[in-house]
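Have a look at run00.cif; it's mmCIF, C-alpha atoms and all ligand atoms:
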```
data_entry
loop_
_atom_site.label_atom_id
_atom_site.label_comp_id
_atom_site.auth_asym_id
_atom_site.auth_seq_id
_atom_site.Cartn_x
_atom_site.Cartn_y
_atom_site.Cartn_z
CA MET G 1 87.65 240.44 53.12
CA ALA G 2 86.38 243.09 50.68
CA THR G 3 85.74 241.86 47.14
CA LYS G 4 88.18 243.30 44.63
CA LEU G 5 86.37 245.04 41.81
CA PRO G 6 87.49 244.40 38.25
CA ILE G 7 89.44 247.21 36.60
CA VAL G 8 87.82 248.11 33.29
CA TYR G 9 89.63 249.95 30.50
CA SER G 10 87.55 250.99 27.53
CA PHE G 11 89.24 252.03 24.28
CA GLU G 12 87.97 254.03 21.33
CA ASP G 13 88.35 251.27 18.75
CA GLY G 14 90.07 248.00 17.95
CA ASP G 15 93.43 249.60 17.21
CA ALA G 16 93.49 251.53 20.48
CA LEU G 17 92.41 248.38 22.35
CA SER G 18 95.27 246.35 20.83
CA SER G 19 97.78 249.11 21.60
CA GLY G 20 96.66 249.42 25.23
CA LEU G 21 96.77 245.65 25.68
CA ASP G 22 100.21 245.49 24.07
CA ARG G 23 101.64 248.00 26.54
CA PHE G 24 100.04 246.20 29.47
CA VAL G 25 101.34 242.78 28.43
CA GLU G 26 104.82 244.24 27.83
CA LYS G 27 104.81 245.55 31.42
CA VAL G 28 103.54 242.29 32.95
CA SER G 29 106.15 240.37 30.95
CA ARG G 30 108.99 242.67 32.03
CA GLU G 31 108.02 242.42 35.71
CA ALA G 32 107.62 238.62 35.66
CA ILE G 33 110.97 238.13 33.90
CA ALA G 34 112.70 240.51 36.32
CA ASP G 35 111.16 238.61 39.24
CA HIS G 36 111.71 234.96 38.26
CA GLY G 37 113.24 234.81 34.80
CA PHE G 38 110.23 233.89 32.65
CA LEU G 39 106.60 234.69 31.89
CA SER G 40 104.03 231.90 32.09
CA VAL G 41 100.91 232.83 30.19
CA ALA G 42 97.77 230.91 29.25
CA ILE G 43 95.75 232.18 26.29
CA SER G 44 92.16 231.62 25.15
CA GLY G 45 90.93 231.17 21.61
CA GLY G 46 87.99 232.92 19.95
CA SER G 47 88.44 236.59 19.09
CA LEU G 48 91.22 237.20 21.63
CA PRO G 49 94.34 236.07 19.71
CA LYS G 50 93.78 238.54 16.86
CA ILE G 51 93.13 241.50 19.18
CA LEU G 52 96.16 240.56 21.28
CA SER G 53 98.53 240.03 18.37
CA LYS G 54 97.79 243.07 16.26
CA LYS G 55 100.48 245.10 18.07
CA LEU G 56 102.16 242.60 20.39
CA ALA G 57 103.38 240.39 17.53
CA TYR G 58 105.59 243.31 16.38
CA ASN G 59 106.71 244.54 19.80
CA LYS G 60 110.51 244.49 19.90
CA ASN G 61 110.67 245.39 23.62
CA VAL G 62 109.28 242.06 24.82
CA GLN G 63 111.67 239.24 25.74
CA PHE G 64 109.65 236.56 24.00
CA ASP G 65 112.46 234.04 24.37
CA LYS G 66 111.51 233.96 28.08
CA TRP G 67 107.83 233.21 27.46
CA HIS G 68 106.09 229.92 28.18
CA ILE G 69 102.75 229.74 26.41
CA PHE G 70 99.87 227.50 27.47
CA TRP G 71 96.21 227.36 26.45
CA ALA G 72 93.36 228.30 28.80
CA ASP G 73 91.09 225.96 26.87
CA GLU G 74 91.26 223.97 23.70
CA ARG G 75 88.98 222.16 21.33
CA CYS G 76 89.61 218.45 20.59
CA VAL G 77 90.51 218.90 16.93
CA SER G 78 93.79 218.65 15.03
CA HIS G 79 96.29 221.52 15.24
CA GLU G 80 95.48 222.31 11.59
CA ASP G 81 91.73 222.53 12.10
CA PRO G 82 90.22 226.04 11.84
CA ASP G 83 88.51 225.37 15.21
CA SER G 84 91.85 224.87 16.95
CA ASN G 85 92.70 227.54 19.53
CA TYR G 86 96.36 226.58 19.08
CA LEU G 87 96.14 227.33 15.35
CA GLU G 88 94.57 230.73 16.00
CA VAL G 89 97.36 231.73 18.41
CA LYS G 90 100.00 230.25 16.10
CA ARG G 91 98.80 232.16 13.05
CA SER G 92 98.24 235.49 14.72
CA LEU G 93 101.11 235.51 17.24
CA LEU G 94 103.61 232.65 17.20
CA ASP G 95 104.30 232.70 13.46
CA HIS G 96 105.52 236.29 13.84
CA ILE G 97 107.75 235.63 16.85
CA PRO G 98 110.50 233.13 16.04
CA GLN G 99 112.27 234.02 19.32
CA ILE G 100 109.91 231.81 21.36
CA PRO G 101 111.68 228.45 21.70
CA GLN G 102 109.54 225.58 20.40
CA GLU G 103 109.85 223.78 23.76
CA ASN G 104 108.27 226.81 25.48
CA ILE G 105 105.04 226.37 23.49
CA HIS G 106 102.71 223.95 25.24
CA PRO G 107 99.72 222.91 23.09
CA ILE G 108 97.25 220.11 23.77
CA ASP G 109 98.44 216.63 22.68
CA GLN G 110 97.56 216.12 19.00
CA ALA G 111 96.79 212.40 19.17
CA TYR G 112 94.20 212.72 21.95
CA ALA G 113 92.73 215.82 20.30
CA VAL G 114 92.32 214.19 16.89
CA ALA G 115 90.78 211.09 18.53
CA LYS G 116 88.34 213.45 20.31
CA ASN G 117 89.50 211.86 23.56
CA ALA G 118 88.82 214.83 25.85
CA ASP G 119 89.53 212.87 29.01
CA GLY G 120 92.92 211.66 27.72
CA ALA G 121 93.77 215.14 26.45
CA ALA G 122 92.88 216.76 29.79
CA THR G 123 94.90 214.20 31.76
CA GLU G 124 97.91 214.67 29.46
CA TYR G 125 97.66 218.48 29.66
CA GLU G 126 97.53 218.29 33.45
CA GLN G 127 100.78 216.28 33.27
CA GLN G 128 102.33 219.06 31.17
CA LEU G 129 101.32 221.57 33.84
CA LYS G 130 102.67 219.31 36.60
CA ARG G 131 106.04 219.13 34.86
CA PHE G 132 106.24 222.88 34.33
CA PHE G 133 104.96 223.91 37.76
CA LYS G 134 106.89 221.14 39.54
CA ASP G 135 103.75 219.43 40.89
CA GLU G 136 102.54 222.64 42.56
CA LEU G 137 99.12 224.07 41.74
CA PRO G 138 99.82 226.16 38.60
CA SER G 139 100.28 229.83 39.23
CA PHE G 140 100.29 231.55 35.84
CA ASP G 141 101.80 235.02 35.72
CA LEU G 142 99.06 235.99 33.31
CA LEU G 143 95.79 234.55 31.99
CA LEU G 144 94.46 236.17 28.84
CA LEU G 145 90.81 235.24 28.50
CA GLY G 146 87.97 235.96 26.11
CA MET G 147 84.31 236.20 27.05
CA GLY G 148 81.57 234.41 25.15
CA PRO G 149 78.21 236.15 24.57
CA ASP G 150 76.71 233.83 27.23
CA GLY G 151 79.33 234.93 29.80
CA HIS G 152 81.55 231.85 29.47
CA CYS G 153 85.29 231.95 29.74
CA CYS G 154 87.80 229.20 29.01
CA SER G 155 85.35 226.33 28.29
CA LEU G 156 83.47 227.00 31.54
CA PHE G 157 79.86 227.51 30.49
CA PRO G 158 76.92 228.89 32.51
CA GLY G 159 75.14 226.19 34.52
CA HIS G 160 77.64 223.46 33.58
CA PRO G 161 78.78 221.04 36.36
CA LEU G 162 82.42 221.85 35.49
CA LEU G 163 81.97 225.18 37.26
CA ASP G 164 82.22 223.20 40.50
CA GLU G 165 85.23 221.06 39.56
CA GLN G 166 87.70 221.24 42.44
CA SER G 167 90.11 218.35 42.01
CA ARG G 168 91.22 218.36 38.37
CA TRP G 169 93.45 221.19 37.11
CA VAL G 170 92.42 220.51 33.54
CA ALA G 171 88.99 219.03 32.88
CA PRO G 172 87.42 217.39 29.84
CA ILE G 173 84.10 218.55 28.48
CA THR G 174 82.13 216.53 25.91
CA ASP G 175 78.92 218.53 25.82
CA SER G 176 80.06 222.07 25.17
CA PRO G 177 77.00 224.15 24.18
CA LYS G 178 79.26 225.94 21.71
CA PRO G 179 80.71 223.61 19.07
CA PRO G 180 82.86 221.63 18.92
CA PRO G 181 81.46 219.65 21.91
CA GLU G 182 84.73 217.93 22.94
CA ARG G 183 87.18 220.28 24.65
CA ILE G 184 89.50 220.64 27.58
CA THR G 185 89.64 223.59 29.96
CA LEU G 186 91.58 224.95 32.90
CA THR G 187 89.40 224.71 36.01
CA TYR G 188 88.74 227.38 38.65
CA PRO G 189 91.38 226.13 41.12
CA VAL G 190 93.99 226.94 38.44
CA VAL G 191 92.30 230.03 37.00
CA ASN G 192 91.95 231.53 40.47
CA ASN G 193 95.53 230.73 41.45
CA SER G 194 96.81 232.94 38.61
CA GLN G 195 98.57 236.17 39.45
CA LEU G 196 96.58 238.31 37.00
CA VAL G 197 93.63 237.77 34.69
CA VAL G 198 92.95 239.98 31.70
CA PHE G 199 89.65 239.65 29.87
CA VAL G 200 89.64 240.97 26.33
CA THR G 201 86.46 241.45 24.34
CA ALA G 202 85.12 243.80 21.72
CA GLY G 203 82.08 244.71 19.69
CA ASP G 204 78.45 245.63 20.04
CA GLY G 205 77.43 241.98 20.40
CA LYS G 206 79.18 241.77 23.79
CA LYS G 207 77.77 244.93 25.41
CA ASP G 208 74.82 243.33 27.26
CA MET G 209 76.95 240.60 28.78
CA VAL G 210 79.76 243.01 29.67
CA GLN G 211 77.21 245.17 31.53
CA GLN G 212 75.84 242.18 33.47
CA ILE G 213 79.28 240.90 34.39
CA ILE G 214 80.67 244.23 35.54
CA GLU G 215 77.57 245.76 37.12
CA GLN G 216 75.48 242.77 38.28
CA PRO G 217 77.92 240.63 40.30
CA GLU G 218 75.08 238.63 41.86
CA LYS G 219 74.54 236.80 38.54
CA ASN G 220 77.47 234.50 39.33
CA LEU G 221 78.27 233.97 35.66
CA PRO G 222 81.44 232.05 34.72
CA CYS G 223 83.48 235.23 34.11
CA GLN G 224 82.34 236.57 37.50
CA ARG G 225 83.72 233.51 39.30
CA VAL G 226 87.22 234.45 38.15
CA LYS G 227 88.96 235.69 41.30
CA PRO G 228 92.73 235.41 40.92
CA VAL G 229 95.45 236.26 43.42
CA GLY G 230 95.88 239.73 41.87
CA ASN G 231 93.50 241.86 39.87
CA VAL G 232 91.02 241.12 37.13
CA TYR G 233 91.33 243.57 34.23
CA TRP G 234 88.92 244.08 31.36
CA PHE G 235 90.28 245.46 28.10
CA ILE G 236 87.29 246.31 25.91
CA ASP G 237 86.35 248.71 23.14
CA HIS G 238 83.73 251.47 23.43
CA ALA G 239 81.19 249.30 21.59
CA ALA G 240 81.43 246.54 24.22
CA ALA G 241 81.40 249.17 26.98
CA ALA G 242 78.32 250.95 25.60
CA LYS G 243 75.99 249.88 28.43
CA LEU G 244 78.41 250.47 31.30
CA ARG G 245 78.07 253.38 33.67
CA LYS G 246 80.92 255.86 33.34
CA GLU G 247 82.02 255.10 36.93
CA SER G 248 82.54 251.44 36.05
CA CYS G 249 85.51 252.31 33.81
CA SER G 250 88.96 253.46 34.89
CA GLU G 251 91.36 255.77 33.17
CA TYR G 252 94.03 253.74 31.40
CA LYS G 253 97.47 254.58 32.64
CA LEU G 254 100.41 252.30 33.22
O1 LIG G 301 84.78 228.79 22.42
C1 LIG G 301 85.45 229.69 22.89
O2 LIG G 301 84.88 230.92 23.06
C2 LIG G 301 85.43 231.90 23.95
C3 LIG G 301 84.90 233.25 23.53
O3 LIG G 301 85.17 233.45 22.16
P1 LIG G 301 84.82 234.81 21.39
O4 LIG G 301 85.02 234.47 19.93
O5 LIG G 301 83.40 235.17 21.72
O6 LIG G 301 85.80 235.83 21.83
C4 LIG G 301 86.95 231.81 23.99
O7 LIG G 301 87.44 232.66 24.98
C5 LIG G 301 87.36 230.37 24.24
O8 LIG G 301 88.77 230.25 24.35
C6 LIG G 301 86.90 229.52 23.10
O9 LIG G 301 87.27 228.16 23.21
#
```

Could you render the structure as structure tokens?
Ligand SMILES: O=C1O[C@H](COP(=O)(O)O)[C@@H](O)[C@H](O)[C@H]1O
Amino acid sequence: MATKLPIVYSFEDGDALSSGLDRFVEKVSREAIADHGFLSVAISGGSLPKILSKKLAYNKNVQFDKWHIFWADERCVSHEDPDSNYLEVKRSLLDHIPQIPQENIHPIDQAYAVAKNADGAATEYEQQLKRFFKDELPSFDLLLLGMGPDGHCCSLFPGHPLLDEQSRWVAPITDSPKPPPERITLTYPVVNNSQLVVFVTAGDGKKDMVQQIIEQPEKNLPCQRVKPVGNVYWFIDHAAAAKLRKESCSEYKL
């Protein structure tokens, strides 16, 4: 079977990137809700939540009351800690959208996180997924992922044994090269059973890695191992796209 190439959209600046992403997410949400009544989405931390929320948090055309929000990875810290991916998504998105029912927001368990018990937190999060997806391998409508400067996504780091995890849906990590060391992450069986994956990244500091990931597939970096059921999209700004060949980018149209 032919390998599907990622679809790359490059935008003039941060504002244009957020607007383009907003329209795309609105469309994915509308289609998922029309198809099965809800949108299941897992979101990363890092720089993504702010870029995502800039426009989406004020979008009145999205049926947020039908959203179920999960985390693609999380750090084992309290929900009030500045390192918490939950806190970042809460502040930038959830606090502006009261329509999302509290029971539709699915963060990591606080007690395990505060105790830095990554194994307990991963096991408990897997239970949350089992309840929501009725014991079937999770099939998110949408994964919104960031990309670290080393090419990591979720908390799946280059060269780490977790890249080969096949049995757990959510895995603990206690030696993350990027602090904090204790985290949990979705694994590839779940990531690659998603319907759509959207990578979002911006800035000059990401341009070398974006070029490698898009134009040197043989590197087998963590972001390159993401092969969902549907397409992989990249939403980036011109600064992050600076080293890409023109042919690597597509015209953005919905
Ligand atoms: O540690 C993490 O880093 C990545 C990338 O973050 P960024 O700030 O370079 O965008 C993020 O996607 C992941 O969720 C987070 O835990």

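For G:Lys116, the residues within 12 Å (counting all atoms listed in the file, excluding itself and residues fewer than 5 positions away along the chain) are G:Glu74, G:Arg75, G:Cys76, G:Val77, G:Ser78, G:Ile108, G:Asp109, G:Gln110, G:Ala111, G:Ala121, G:Ala122, G:Pro172, G:Ile173, G:Thr174, G:Pro180, G:Pro181, G:Glu182, G:Arg183, G:Ile184.
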
Please write out the residues within 7 Å of ligand LIG 301 (chain G) as a PyMOL selection string, counting all atoms listed in the file.
chain G and resi 44-48+72-75+85+145-149+152-155+178+201

Exercise on stretch 127-138 of chain G, axis-aligned box with 8 Å per side, report centre and edge lengths in Å to one decimal, as AutoDock Vina command-line options:
```
--center_x 103.0 --center_y 221.2 --center_z 36.9 --size_x 23.8 --size_y 25.9 --size_z 27.4
```

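Here the selection is built from all atoms listed in the file, and the residues within 9 Å of (75.3, 246.2, 19.1) turn out to be Gly203, Asp204, Gly205, Lys206, Lys207, Asp208, Ala239, Ala240 and Ala242 of chain G.
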
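Remark: for G:Lys27, the closest of the candidate residues G:Leu142, G:Cys249, G:Ala118, G:Ala113 is G:Leu142 (distances computed over all atoms listed in the file).
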
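Atom to atom, atom CA of G:Asp65 and atom CA of G:Gln99 stand 5.1 Å apart.
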
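Rounded to one decimal, atom CA of G:Trp169 and atom CA of G:Asp119 lie 12.3 Å from each other.
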
Shell around G:Asp150 at 8 Å using all atoms listed in the file, local window under 4 positions removed, as number ranges by chain
G: 157-158, 209

Residues within 9 Å of stretch 55-57 of chain G, all atoms listed in the file, excluding chain neighbours under 6 positions, as a PyMOL selection string:
chain G and resi 15+18-19+21-23+25-26+92-97

Please, what distance in Å, to one decimal, runs between atom CA of G:Asp237 and atom CA of G:Ile51?
10.7 Å
